[in-house]
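**Q** Got a structure for you, final22.cif, holding mmCIF, C-alpha atoms.
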```cif
data_model
#
loop_
_atom_site.label_atom_id
_atom_site.label_comp_id
_atom_site.auth_asym_id
_atom_site.auth_seq_id
_atom_site.Cartn_x
_atom_site.Cartn_y
_atom_site.Cartn_z
CA MET A 8 7.66 20.45 -25.64
CA ASN A 9 7.09 21.71 -29.23
CA LEU A 10 8.93 20.53 -32.34
CA LEU A 11 10.78 23.82 -32.83
CA TYR A 12 12.25 23.64 -29.32
CA ILE A 13 13.36 20.01 -29.85
CA ASN A 14 15.03 20.97 -33.14
CA LYS A 15 16.96 23.75 -31.38
CA ILE A 16 18.21 21.31 -28.71
CA ILE A 17 19.30 18.86 -31.40
CA GLN A 18 21.17 21.66 -33.21
CA ILE A 19 22.95 22.71 -30.02
CA ILE A 20 24.02 19.13 -29.27
CA PHE A 21 25.15 18.62 -32.86
CA LEU A 22 27.22 21.82 -32.87
CA SER A 23 28.76 20.88 -29.51
CA LEU A 24 29.80 17.48 -30.84
CA ILE A 25 31.38 19.09 -33.90
CA SER A 26 33.26 21.52 -31.63
CA LEU A 27 34.50 18.74 -29.36
CA ASN A 28 35.58 16.65 -32.33
CA SER A 29 37.42 19.63 -33.78
CA LEU A 30 39.26 20.19 -30.47
CA ALA A 31 40.18 16.53 -30.25
CA ASN A 32 41.71 16.64 -33.74
CA ASN A 33 43.67 19.84 -33.12
CA PRO A 34 47.11 19.21 -31.65
CA ILE A 35 48.00 20.49 -28.18
CA LYS A 36 50.27 23.54 -28.48
CA ILE A 37 53.28 23.84 -26.15
CA CYS A 38 54.97 27.22 -26.34
CA LEU A 39 58.67 27.84 -25.69
CA ALA A 40 59.58 31.34 -24.56
CA GLY A 41 62.69 33.09 -23.33
CA ARG A 42 65.60 35.36 -24.17
CA ILE A 43 68.66 33.32 -23.19
CA VAL A 44 68.72 32.06 -26.76
CA GLU A 45 69.49 35.60 -27.91
CA ASN A 46 72.88 35.47 -26.17
CA LEU A 47 73.77 31.76 -26.31
CA ASP A 48 73.03 29.99 -29.56
CA SER A 49 73.95 26.60 -28.09
CA TYR A 50 71.29 27.05 -25.40
CA GLY A 51 68.69 28.00 -27.97
CA LYS A 52 69.43 24.90 -30.05
CA SER A 53 69.33 22.61 -27.02
CA PHE A 54 66.06 24.23 -25.89
CA ARG A 55 64.42 23.35 -29.21
CA ASN A 56 66.05 19.94 -29.58
CA ALA A 57 65.17 18.70 -26.09
CA ALA A 58 61.52 19.71 -26.42
CA GLN A 59 61.20 17.94 -29.76
CA LEU A 60 63.06 14.87 -28.48
CA ALA A 61 60.58 14.47 -25.61
CA ILE A 62 57.66 14.60 -28.05
CA ASP A 63 59.32 12.19 -30.49
CA ASN A 64 59.94 9.69 -27.70
CA SER A 65 56.33 9.98 -26.50
CA GLY A 66 54.70 8.86 -29.73
CA PHE A 67 52.52 12.00 -29.71
CA THR A 68 54.16 13.80 -32.63
CA LYS A 69 50.77 14.40 -34.27
CA LYS A 70 48.98 15.35 -31.05
CA ILE A 71 51.47 17.82 -29.55
CA LYS A 72 53.20 20.62 -31.44
CA ILE A 73 55.76 23.22 -30.41
CA GLU A 74 55.75 26.93 -31.19
CA TYR A 75 58.51 29.40 -30.33
CA TYR A 76 58.12 32.83 -28.77
CA PHE A 77 61.68 34.00 -28.18
CA TYR A 78 62.20 37.70 -27.52
CA ASP A 79 64.83 40.40 -27.02
CA ASN A 80 65.75 42.53 -24.00
CA SER A 81 63.15 45.25 -24.60
CA PRO A 82 61.39 46.45 -21.42
CA LEU A 83 58.10 44.70 -20.65
CA LYS A 84 58.61 42.29 -23.56
CA PRO A 85 57.89 39.23 -21.36
CA MET A 86 54.41 40.66 -20.61
CA TYR A 87 53.62 41.15 -24.27
CA VAL A 88 54.95 37.73 -25.23
CA HIS A 89 52.97 36.06 -22.44
CA GLN A 90 49.76 37.75 -23.59
CA LYS A 91 50.47 36.73 -27.19
CA MET A 92 50.90 33.09 -26.14
CA ILE A 93 47.65 33.14 -24.19
CA ASN A 94 45.79 34.80 -27.06
CA GLU A 95 47.15 32.19 -29.45
CA ASN A 96 45.88 29.33 -27.26
CA CYS A 97 49.07 27.88 -25.82
CA SER A 98 48.16 24.96 -23.56
CA ALA A 99 51.41 25.28 -21.60
CA ILE A 100 54.55 27.41 -21.54
CA ILE A 101 58.18 26.41 -21.01
CA GLY A 102 60.69 29.20 -20.48
CA PHE A 103 60.98 32.62 -18.80
CA GLU A 104 64.34 31.50 -17.44
CA TYR A 105 65.08 34.88 -15.85
CA LEU A 106 63.14 35.52 -12.63
CA SER A 107 62.50 39.15 -13.59
CA ASP A 108 60.89 37.99 -16.85
CA LEU A 109 58.81 35.37 -15.09
CA LEU A 110 57.53 37.88 -12.53
CA LEU A 111 56.41 40.21 -15.32
CA ALA A 112 54.50 37.37 -16.95
CA ILE A 113 52.89 36.41 -13.64
CA LYS A 114 51.87 40.01 -13.02
CA GLU A 115 50.11 40.10 -16.39
CA GLN A 116 48.29 36.76 -16.26
CA LYS A 117 44.54 36.80 -15.55
CA ASP A 118 44.13 33.21 -14.35
CA THR A 119 46.23 30.13 -13.56
CA LYS A 120 44.91 27.70 -16.16
CA VAL A 121 48.05 27.65 -18.33
CA PRO A 122 51.03 25.99 -16.60
CA ILE A 123 54.43 27.70 -16.87
CA PHE A 124 57.60 25.66 -16.35
CA THR A 125 60.87 27.51 -15.89
CA SER A 126 64.42 26.32 -15.38
CA TYR A 127 66.98 28.88 -14.21
CA ALA A 128 64.50 30.89 -12.19
CA SER A 129 64.14 29.96 -8.54
CA LYS A 130 62.56 31.48 -5.44
CA THR A 131 63.06 31.91 -1.73
CA ILE A 132 61.17 29.71 0.69
CA ALA A 133 59.08 32.71 1.74
CA ASP A 134 57.98 33.55 -1.82
CA LYS A 135 54.41 32.59 -2.68
CA LEU A 136 53.71 31.96 -6.35
CA PRO A 137 50.53 31.11 -8.29
CA SER A 138 49.66 27.42 -8.60
CA ASN A 139 50.53 27.32 -12.31
CA ILE A 140 54.21 28.24 -11.84
CA PHE A 141 56.67 25.35 -11.61
CA MET A 142 60.33 26.07 -10.83
CA LEU A 143 62.63 23.07 -11.15
CA MET A 144 65.68 24.39 -9.31
CA PRO A 145 66.24 24.29 -5.53
CA SER A 146 65.30 27.39 -3.56
CA TYR A 147 67.79 30.23 -3.23
CA ASP A 148 67.85 29.63 0.54
CA TYR A 149 68.87 25.99 0.05
CA GLN A 150 71.63 26.87 -2.41
CA ALA A 151 73.06 29.54 -0.12
CA LEU A 152 73.07 27.15 2.85
CA LYS A 153 74.82 24.37 0.91
CA MET A 154 77.38 26.74 -0.58
CA ILE A 155 78.36 28.25 2.77
CA ASP A 156 78.51 24.79 4.37
CA PHE A 157 80.90 23.73 1.62
CA LEU A 158 83.11 26.79 2.09
CA GLN A 159 83.27 26.34 5.86
CA LYS A 160 84.29 22.70 5.52
CA LYS A 161 86.94 23.56 2.95
CA PHE A 162 88.37 26.73 4.50
CA ASN A 163 87.24 26.42 8.14
CA LYS A 164 86.75 30.11 8.88
CA LEU A 165 85.11 32.66 6.60
CA GLU A 166 86.27 36.23 7.15
CA LYS A 167 86.74 39.38 5.10
CA VAL A 168 83.61 38.57 3.12
CA LEU A 169 82.13 40.80 0.41
CA LEU A 170 78.83 40.39 -1.46
CA ILE A 171 78.87 42.07 -4.89
CA THR A 172 75.36 42.24 -6.33
CA GLU A 173 74.00 43.18 -9.76
CA ILE A 174 70.90 44.82 -8.33
CA ASN A 175 69.01 45.35 -11.59
CA ARG A 176 68.42 41.57 -11.74
CA GLU A 177 65.67 40.19 -9.53
CA GLU A 178 67.35 36.80 -9.05
CA MET A 179 70.53 38.47 -7.80
CA LEU A 180 68.59 40.47 -5.25
CA LYS A 181 67.16 37.15 -4.04
CA TYR A 182 70.66 35.73 -3.76
CA LYS A 183 71.79 38.77 -1.81
CA GLU A 184 68.83 38.34 0.55
CA VAL A 185 69.46 34.66 1.31
CA TYR A 186 73.26 34.91 1.54
CA SER A 187 72.95 37.89 3.89
CA THR A 188 70.54 35.92 6.08
CA GLU A 189 72.71 32.81 6.12
CA LEU A 190 75.89 34.73 6.89
CA ASN A 191 74.14 36.57 9.72
CA ASN A 192 72.80 33.26 11.08
CA LYS A 193 76.35 31.94 11.23
CA ASN A 194 77.70 35.19 12.73
CA ILE A 195 79.95 35.81 9.74
CA LYS A 196 80.65 39.50 9.17
CA PHE A 197 80.39 40.83 5.62
CA ASN A 198 80.16 43.99 3.56
CA THR A 199 78.21 44.66 0.38
CA PHE A 200 78.82 46.42 -2.93
CA ASP A 201 75.91 46.95 -5.33
CA PHE A 202 76.05 47.93 -8.98
CA MET A 203 73.88 48.29 -12.08
CA GLU A 204 74.60 46.17 -15.15
CA ASN A 205 74.99 49.06 -17.60
CA ASP A 206 77.05 51.36 -15.36
CA PRO A 207 80.29 52.07 -17.31
CA GLN A 208 81.99 53.12 -14.04
CA ILE A 209 81.56 49.79 -12.24
CA LEU A 210 85.25 48.93 -12.00
CA ALA A 211 86.27 52.49 -11.10
CA LYS A 212 83.69 52.65 -8.30
CA LEU A 213 84.72 49.21 -7.08
CA SER A 214 88.38 50.27 -7.02
CA VAL A 215 87.52 53.24 -4.78
CA PHE A 216 85.43 50.98 -2.53
CA LEU A 217 88.25 48.44 -2.19
CA LYS A 218 90.71 51.05 -0.93
CA LYS A 219 88.94 50.88 2.42
CA ASN A 220 89.22 47.09 2.88
CA ASN A 221 90.77 43.95 1.46
CA TYR A 222 88.46 40.96 1.00
CA HIS A 223 89.29 37.29 0.98
CA TYR A 224 85.90 35.78 0.03
CA VAL A 225 84.01 37.57 -2.74
CA PHE A 226 80.48 36.45 -3.64
CA LEU A 227 79.77 37.40 -7.25
CA LEU A 228 75.99 37.68 -7.35
CA SER A 229 75.89 38.75 -10.97
CA GLY A 230 75.79 37.42 -14.52
CA ALA A 231 78.76 35.80 -16.20
CA ILE A 232 79.89 38.91 -18.09
CA ALA A 233 80.00 41.25 -15.09
CA SER A 234 81.36 38.52 -12.79
CA ALA A 235 84.30 37.84 -15.10
CA LYS A 236 85.19 41.55 -15.34
CA ILE A 237 85.08 41.95 -11.56
CA ALA A 238 87.03 38.76 -10.91
CA ASP A 239 89.78 39.84 -13.32
CA ALA A 240 89.98 43.22 -11.57
CA MET A 241 90.08 41.76 -8.03
CA ASN A 242 91.94 38.48 -8.54
CA LYS A 243 94.81 38.00 -6.12
CA ASN A 244 96.53 34.83 -4.98
CA ASN A 245 94.41 34.53 -1.84
CA THR A 246 91.04 35.73 -3.21
CA VAL A 247 88.24 33.16 -3.33
CA PHE A 248 85.36 33.97 -5.67
CA VAL A 249 81.94 32.39 -5.09
CA GLY A 250 79.32 32.30 -7.82
CA THR A 251 75.88 31.09 -8.82
CA GLU A 252 74.44 28.99 -11.65
CA ASN A 253 74.92 32.08 -13.83
CA PHE A 254 78.55 30.97 -14.15
CA GLY A 255 77.26 28.42 -16.66
CA SER A 256 77.98 24.70 -16.72
CA SER A 257 80.68 22.30 -17.86
CA VAL A 258 79.04 22.20 -21.30
CA SER A 259 78.60 26.00 -21.56
CA PRO A 260 81.21 27.54 -19.20
CA SER A 261 80.12 31.16 -19.65
CA PHE A 262 82.10 32.64 -16.72
CA TYR A 263 85.25 30.69 -17.52
CA THR A 264 85.32 31.63 -21.20
CA ARG A 265 85.08 35.34 -20.34
CA LEU A 266 87.89 35.32 -17.78
CA LYS A 267 91.16 36.85 -18.96
CA ASN A 268 93.07 35.44 -16.00
CA LYS A 269 92.07 31.82 -15.65
CA VAL A 270 94.41 31.20 -12.72
CA ILE A 271 91.73 31.70 -10.11
CA GLN A 272 90.18 30.24 -6.96
CA SER A 273 86.48 30.11 -7.62
CA TYR A 274 83.51 27.90 -6.73
CA PHE A 275 79.87 27.98 -7.66
CA ILE A 276 76.71 25.98 -6.99
CA ARG A 277 74.10 24.72 -9.40
CA ASN A 278 71.29 22.18 -9.45
CA ILE A 279 72.72 19.67 -11.97
CA ASP A 280 75.73 19.24 -14.22
CA TYR A 281 77.00 16.50 -16.50
CA LEU A 282 80.25 16.37 -14.49
CA ARG A 283 78.22 14.60 -11.81
CA PRO A 284 75.38 12.94 -13.68
CA THR A 285 72.66 10.88 -12.09
CA ARG A 286 71.61 7.70 -13.87
CA GLY A 287 68.72 9.50 -15.51
CA LEU A 288 70.89 12.42 -16.60
CA SER A 289 73.47 10.03 -18.09
CA LEU A 290 70.78 8.19 -20.03
CA PHE A 291 69.32 11.45 -21.32
CA ARG A 292 72.77 12.64 -22.41
CA SER A 293 73.32 9.44 -24.37
CA ILE A 294 69.90 9.60 -26.06
CA TYR A 295 70.34 13.29 -26.88
CA LYS A 296 73.82 12.79 -28.40
CA ASP A 297 72.57 9.89 -30.53
CA LYS A 298 69.67 11.97 -31.79
CA VAL A 299 71.27 15.41 -32.21
CA ASN A 300 74.95 14.48 -32.58
CA GLU A 301 76.15 17.05 -30.05
CA GLU A 302 76.38 17.53 -26.29
CA PRO A 303 73.21 18.65 -24.50
CA THR A 304 73.34 21.75 -22.32
CA VAL A 305 71.80 21.81 -18.85
CA LEU A 306 68.91 23.78 -20.34
CA ALA A 307 68.19 20.73 -22.51
CA ALA A 308 67.71 18.58 -19.41
CA TYR A 309 65.34 21.11 -17.82
CA THR A 310 63.35 21.45 -21.05
CA TYR A 311 63.14 17.67 -21.42
CA ASP A 312 61.88 17.50 -17.82
CA ALA A 313 59.21 20.13 -18.37
CA MET A 314 58.01 18.58 -21.60
CA ASN A 315 57.77 15.13 -20.02
CA PHE A 316 55.75 16.52 -17.10
CA LEU A 317 53.31 17.90 -19.67
CA ILE A 318 53.25 14.73 -21.79
CA THR A 319 52.63 12.60 -18.69
CA ALA A 320 49.67 14.81 -17.78
CA TYR A 321 48.33 14.50 -21.32
CA LYS A 322 48.63 10.70 -21.22
CA LYS A 323 46.83 10.55 -17.90
CA THR A 324 44.00 13.02 -18.49
CA GLY A 325 43.76 13.59 -22.23
CA PHE A 326 44.39 17.34 -21.92
CA ILE A 327 46.94 19.81 -20.56
CA ASP A 328 46.25 22.56 -18.06
CA THR A 329 47.37 23.32 -14.52
CA SER A 330 44.84 20.94 -12.93
CA SER A 331 46.02 18.02 -15.09
CA ILE A 332 49.66 18.55 -14.07
CA TYR A 333 48.86 18.05 -10.39
CA LYS A 334 47.34 14.62 -11.14
CA ILE A 335 50.62 13.01 -12.19
CA ASN A 336 53.35 11.18 -10.28
CA TYR A 337 56.65 11.80 -12.02
CA ILE A 338 60.30 12.41 -11.06
CA GLY A 339 62.35 14.58 -13.41
CA LEU A 340 66.03 14.54 -14.37
CA SER A 341 66.54 17.70 -12.32
CA GLY A 342 65.21 16.06 -9.15
CA ALA A 343 61.96 18.05 -9.21
CA TYR A 344 58.87 15.88 -9.00
CA PHE A 345 55.09 15.58 -8.66
CA LYS A 346 53.58 13.27 -6.06
CA LYS A 347 50.15 13.06 -4.44
CA HIS A 348 48.86 16.23 -6.10
CA LYS A 349 51.84 18.31 -4.99
CA PHE A 350 54.88 19.72 -6.79
CA HIS A 351 58.31 19.47 -5.17
CA TYR A 352 61.23 21.44 -6.55
CA SER A 353 64.61 19.76 -6.58
CA ASP A 354 66.95 19.52 -3.60
CA GLU A 355 69.87 18.21 -5.66
CA PHE A 356 72.98 20.34 -6.10
CA VAL A 357 76.52 20.20 -7.42
CA ILE A 358 79.47 22.45 -6.60
CA LEU A 359 81.99 23.15 -9.34
CA SER A 360 85.37 24.85 -9.20
CA VAL A 361 87.14 26.91 -11.86
CA HIS A 362 90.53 25.75 -13.14
CA GLU A 363 92.84 26.77 -15.98
CA ASP A 364 91.38 24.00 -18.15
CA GLY A 365 87.73 24.63 -17.29
CA TYR A 366 85.24 23.51 -14.63
CA HIS A 367 85.85 20.61 -12.23
CA TYR A 368 83.48 18.78 -9.92
CA GLU A 369 84.12 19.30 -6.19
CA ASN A 370 83.56 16.15 -4.10
#
```
The structure in this file should be written as structure tokens.

**A**
Amino acid sequence: MNLLYINKIIQIIFLSLISLNSLANNPIKICLAGRIVENLDSYGKSFRNAAQLAIDNSGFTKKIKIEYYFYDNSPLKPMYVHQKMINENCSAIIGFEYLSDLLLAIKEQKDTKVPIFTSYASKTIADKLPSNIFMLMPSYDYQALKMIDFLQKKFNKLEKVLLITEINREEMLKYKEVYSTELNNKNIKFNTFDFMENDPQILAKLSVFLKKNNYHYVFLLSGAIASAKIADAMNKNNTVFVGTENFGSSVSPSFYTRLKNKVIQSYFIRNIDYLRPTRGLSLFRSIYKDKVNEEPTVLAAYTYDAMNFLITAYKKTGFIDTSSIYKINYIGLSGAYFKKHKFHYSDEFVILSVHEDGYHYEN
């Protein structure tokens, strides 16, 4: 082995050590992405605050930093934002709360090294997702089953059922799929009415449709804005409206605040809510209020969960990627958890009802 060759080896080793040392001194970058903050300022604030609170509590303030990649409703924007985060070396992503946005990001990704945690997005049991996607909420199938079980126990017999679906939203199509399956499994007859979010003739078309039949149970598989408009148009003394987590929460009651007629029979299901807090959720709420001096939203709890999953992986392995996440054992506030190299989404749920003074917890 000649001297020149040895010198080259020494140079390569030296440069590698410098590179490794540089990486060790650079903070891990966690990227927050989504568009819910464009419509709800309180959610945007709680998104930021919860992520920072998790880092502050970890003692890793100099080793982990947060960057924000919020975006508007432009078509394909989630794809562009995802690529920008990858190009700018995000170690992990928290966000893409809309399923349609998440699916666009998944379609664009070239590998599964960067973990993506989402909150409001869910999936059906049959859906197969890449290994780097972690959804905290229960499956759509599970939520539909629990909601219909609740309604049957409360009202005994379900009849004159209508599913109204905002079909331009991927998550609402999923809800329509699982509710249709569950109703068919229980031999409950139902009809459907589909609409597009930006159709100015929604209420006129619905009025024509309703001339053929009267409905007692109306499933509003749509966002809070459209659901409130439809509920106001259809609300009668005996009408029962059934909703999803898109109705908001007790802290941010988005459906309730948009209703003109708040004398209504309505129920909806969601994963967690501060009206029925677990011990962990109560503790988080207290810590958050002390730190931020305001109430946390549900998004804050999900964000805190996701950030703590990532911090736990960093503590255990010294780095953050998809492989490191699967090495932890950790139970989140939402009920989602990692155990024995597997991820388990939550099976917790809460059913809330709508009253003149806001949302109530249903025992």

**Q** Go through the shown structure with the PyMOL selection byres ((chain A and resi 213) around 10) and write out the matching residues as a ChimeraX atom specification.

**A** /A:171,200-202,208-212,214-218,237,240-241

**Q** Using all atoms listed in the file, collect all residues at a distance of at most 10 Å from (66.6, 19.9, -18.4) as written in the file, then present them as a compact mmCIF listing (two decimals) with C-alpha atoms, in the frame of the given file.

**A**
```
# COMPACT_ATOMS: atom_id res chain seq x y z
CA SER A 53 69.33 22.61 -27.02
CA PHE A 54 66.06 24.23 -25.89
CA ALA A 57 65.17 18.70 -26.09
CA ALA A 58 61.52 19.71 -26.42
CA THR A 125 60.87 27.51 -15.89
CA SER A 126 64.42 26.32 -15.38
CA TYR A 127 66.98 28.88 -14.21
CA LEU A 143 62.63 23.07 -11.15
CA ILE A 279 72.72 19.67 -11.97
CA LEU A 288 70.89 12.42 -16.60
CA PHE A 291 69.32 11.45 -21.32
CA PRO A 303 73.21 18.65 -24.50
CA THR A 304 73.34 21.75 -22.32
CA VAL A 305 71.80 21.81 -18.85
CA LEU A 306 68.91 23.78 -20.34
CA ALA A 307 68.19 20.73 -22.51
CA ALA A 308 67.71 18.58 -19.41
CA TYR A 309 65.34 21.11 -17.82
CA THR A 310 63.35 21.45 -21.05
CA TYR A 311 63.14 17.67 -21.42
CA ASP A 312 61.88 17.50 -17.82
CA ALA A 313 59.21 20.13 -18.37
CA MET A 314 58.01 18.58 -21.60
CA GLY A 339 62.35 14.58 -13.41
CA LEU A 340 66.03 14.54 -14.37
CA SER A 341 66.54 17.70 -12.32
```

**Q** Going by the chain IDs and residue numbers used in this file, which residues fall under the PyMOL selection byres ((chain A and resi 321) around 12)? Write them as an NGL selection string.

**A** :A and (34-37 or 62 or 65-67 or 70-71 or 98-99 or 314-320 or 322-335)

**Q** Could you state which residues are captured by the PyMOL selection byres ((chain A and resi 357) around 10) in this file, as an MDAnalysis selection string?

**A** chainID A and resid 150 153:154 252 275:284 355:356 358:359 368:370

**Q** Taking into account only C-alpha atoms, which residue in the set A:Gln90, A:Ala61, A:Lys167, A:Met179 is nearest to Thr131 (chain A)?

**A** A:Met179

**Q** As an exercise, work out the distance from CA of Gly255 (chain A) to CA of Asp134 (chain A) in Å and give it to one decimal place.

**A** 24.9 Å

**Q** Could you check how far CA of Leu83 (chain A) sits from CA of Met203 (chain A), in Å to one decimal?

**A**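 For CA of Leu83 (chain A) relative to CA of Met203 (chain A), the distance reads 18.3 Å.
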
**Q** Which residue gives the smallest distance to Ser234 (chain A) among A:Phe157, A:Tyr263, A:Phe345, A:Phe162, with all atoms listed in the file counted?

**A**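 Closest to Ser234 (chain A) of all the choices is A:Tyr263.
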
**Q** Hey, which of A:Asp354, A:Asp297, A:Glu302, A:Asp364 ends up closest to Val258 (chain A)? Count all atoms listed in the file.

**A** A:Glu302

**Q** Hey, which of A:Glu166, A:Asn194, A:Ser259, A:Glu173 ends up closest to Gly51 (chain A)? Count all atoms listed in the file.

**A** A:Ser259

**Q** Using Å and a single decimal, report how far CA of Glu177 (chain A) sits from CA of Thr246 (chain A).

**A**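 A separation of 26.5 Å between them.
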
**Q** I want to know what sits within 8 Å of region 74-77 of chain A, based on all atoms listed in the file, with residues of the same chain fewer than 5 positions away left out; could you give that as a list of chain:residue names?

**A**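 These residues fall inside the cut-off: A:Lys36, A:Ile37, A:Cys38, A:Leu39, A:Ala40, A:Gly41, A:Arg42, A:Val44, A:Glu45, A:Val88, A:Met92.
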
**Q** May I have the residues within 12 Å of Ala112 (chain A) as a count of residues only, using only C-alpha atoms and disregarding those fewer than 5 positions away in the same chain?

**A** 31

**Q** For region 112-131 of chain A, where the input has fewer atoms than it should, I would like N, CA and C atoms rebuilt and written as a tab-separated table (two decimals), keeping the file's coordinate frame.

**A**
```tsv
chain	number	residue	atom	x	y	z
A	112	ALA	N	55.54	38.21	-16.36
A	112	ALA	CA	54.50	37.37	-16.95
A	112	ALA	C	53.42	37.04	-15.92
A	113	ILE	N	53.84	36.73	-14.71
A	113	ILE	CA	52.89	36.41	-13.64
A	113	ILE	C	51.99	37.62	-13.34
A	114	LYS	N	52.62	38.79	-13.31
A	114	LYS	CA	51.87	40.01	-13.02
A	114	LYS	C	50.78	40.25	-14.06
A	115	GLU	N	51.04	39.83	-15.30
A	115	GLU	CA	50.11	40.10	-16.39
A	115	GLU	C	49.00	39.06	-16.51
A	116	GLN	N	49.26	37.84	-16.01
A	116	GLN	CA	48.29	36.76	-16.26
A	116	GLN	C	46.98	36.99	-15.49
A	117	LYS	N	45.87	36.57	-16.13
A	117	LYS	CA	44.54	36.80	-15.55
A	117	LYS	C	43.99	35.59	-14.82
A	118	ASP	N	44.53	34.41	-15.09
A	118	ASP	CA	44.13	33.21	-14.35
A	118	ASP	C	45.31	32.25	-14.33
A	119	THR	N	45.12	31.09	-13.74
A	119	THR	CA	46.23	30.13	-13.56
A	119	THR	C	45.99	28.84	-14.33
A	120	LYS	N	45.24	28.91	-15.41
A	120	LYS	CA	44.91	27.70	-16.16
A	120	LYS	C	46.09	27.16	-16.96
A	121	VAL	N	46.93	28.06	-17.47
A	121	VAL	CA	48.05	27.65	-18.33
A	121	VAL	C	49.31	27.45	-17.48
A	122	PRO	N	49.83	26.23	-17.40
A	122	PRO	CA	51.03	25.99	-16.60
A	122	PRO	C	52.27	26.61	-17.24
A	123	ILE	N	53.15	27.13	-16.41
A	123	ILE	CA	54.43	27.70	-16.87
A	123	ILE	C	55.56	26.98	-16.14
A	124	PHE	N	56.42	26.31	-16.90
A	124	PHE	CA	57.60	25.66	-16.35
A	124	PHE	C	58.82	26.51	-16.68
A	125	THR	N	59.64	26.76	-15.67
A	125	THR	CA	60.87	27.51	-15.89
A	125	THR	C	62.04	26.72	-15.35
A	126	SER	N	63.25	27.09	-15.78
A	126	SER	CA	64.42	26.32	-15.38
A	126	SER	C	65.34	27.12	-14.47
A	127	TYR	N	65.99	28.16	-15.00
A	127	TYR	CA	66.98	28.88	-14.21
A	127	TYR	C	66.38	29.74	-13.11
A	128	ALA	N	65.14	30.10	-13.25
A	128	ALA	CA	64.50	30.89	-12.19
A	128	ALA	C	64.29	30.02	-10.95
A	129	SER	N	64.42	30.65	-9.80
A	129	SER	CA	64.14	29.96	-8.54
A	129	SER	C	63.37	30.93	-7.65
A	130	LYS	N	63.28	30.61	-6.37
A	130	LYS	CA	62.56	31.48	-5.44
A	130	LYS	C	63.10	31.26	-4.04
A	131	THR	N	62.74	32.14	-3.13
A	131	THR	CA	63.06	31.91	-1.73
A	131	THR	C	61.93	31.09	-1.11
```
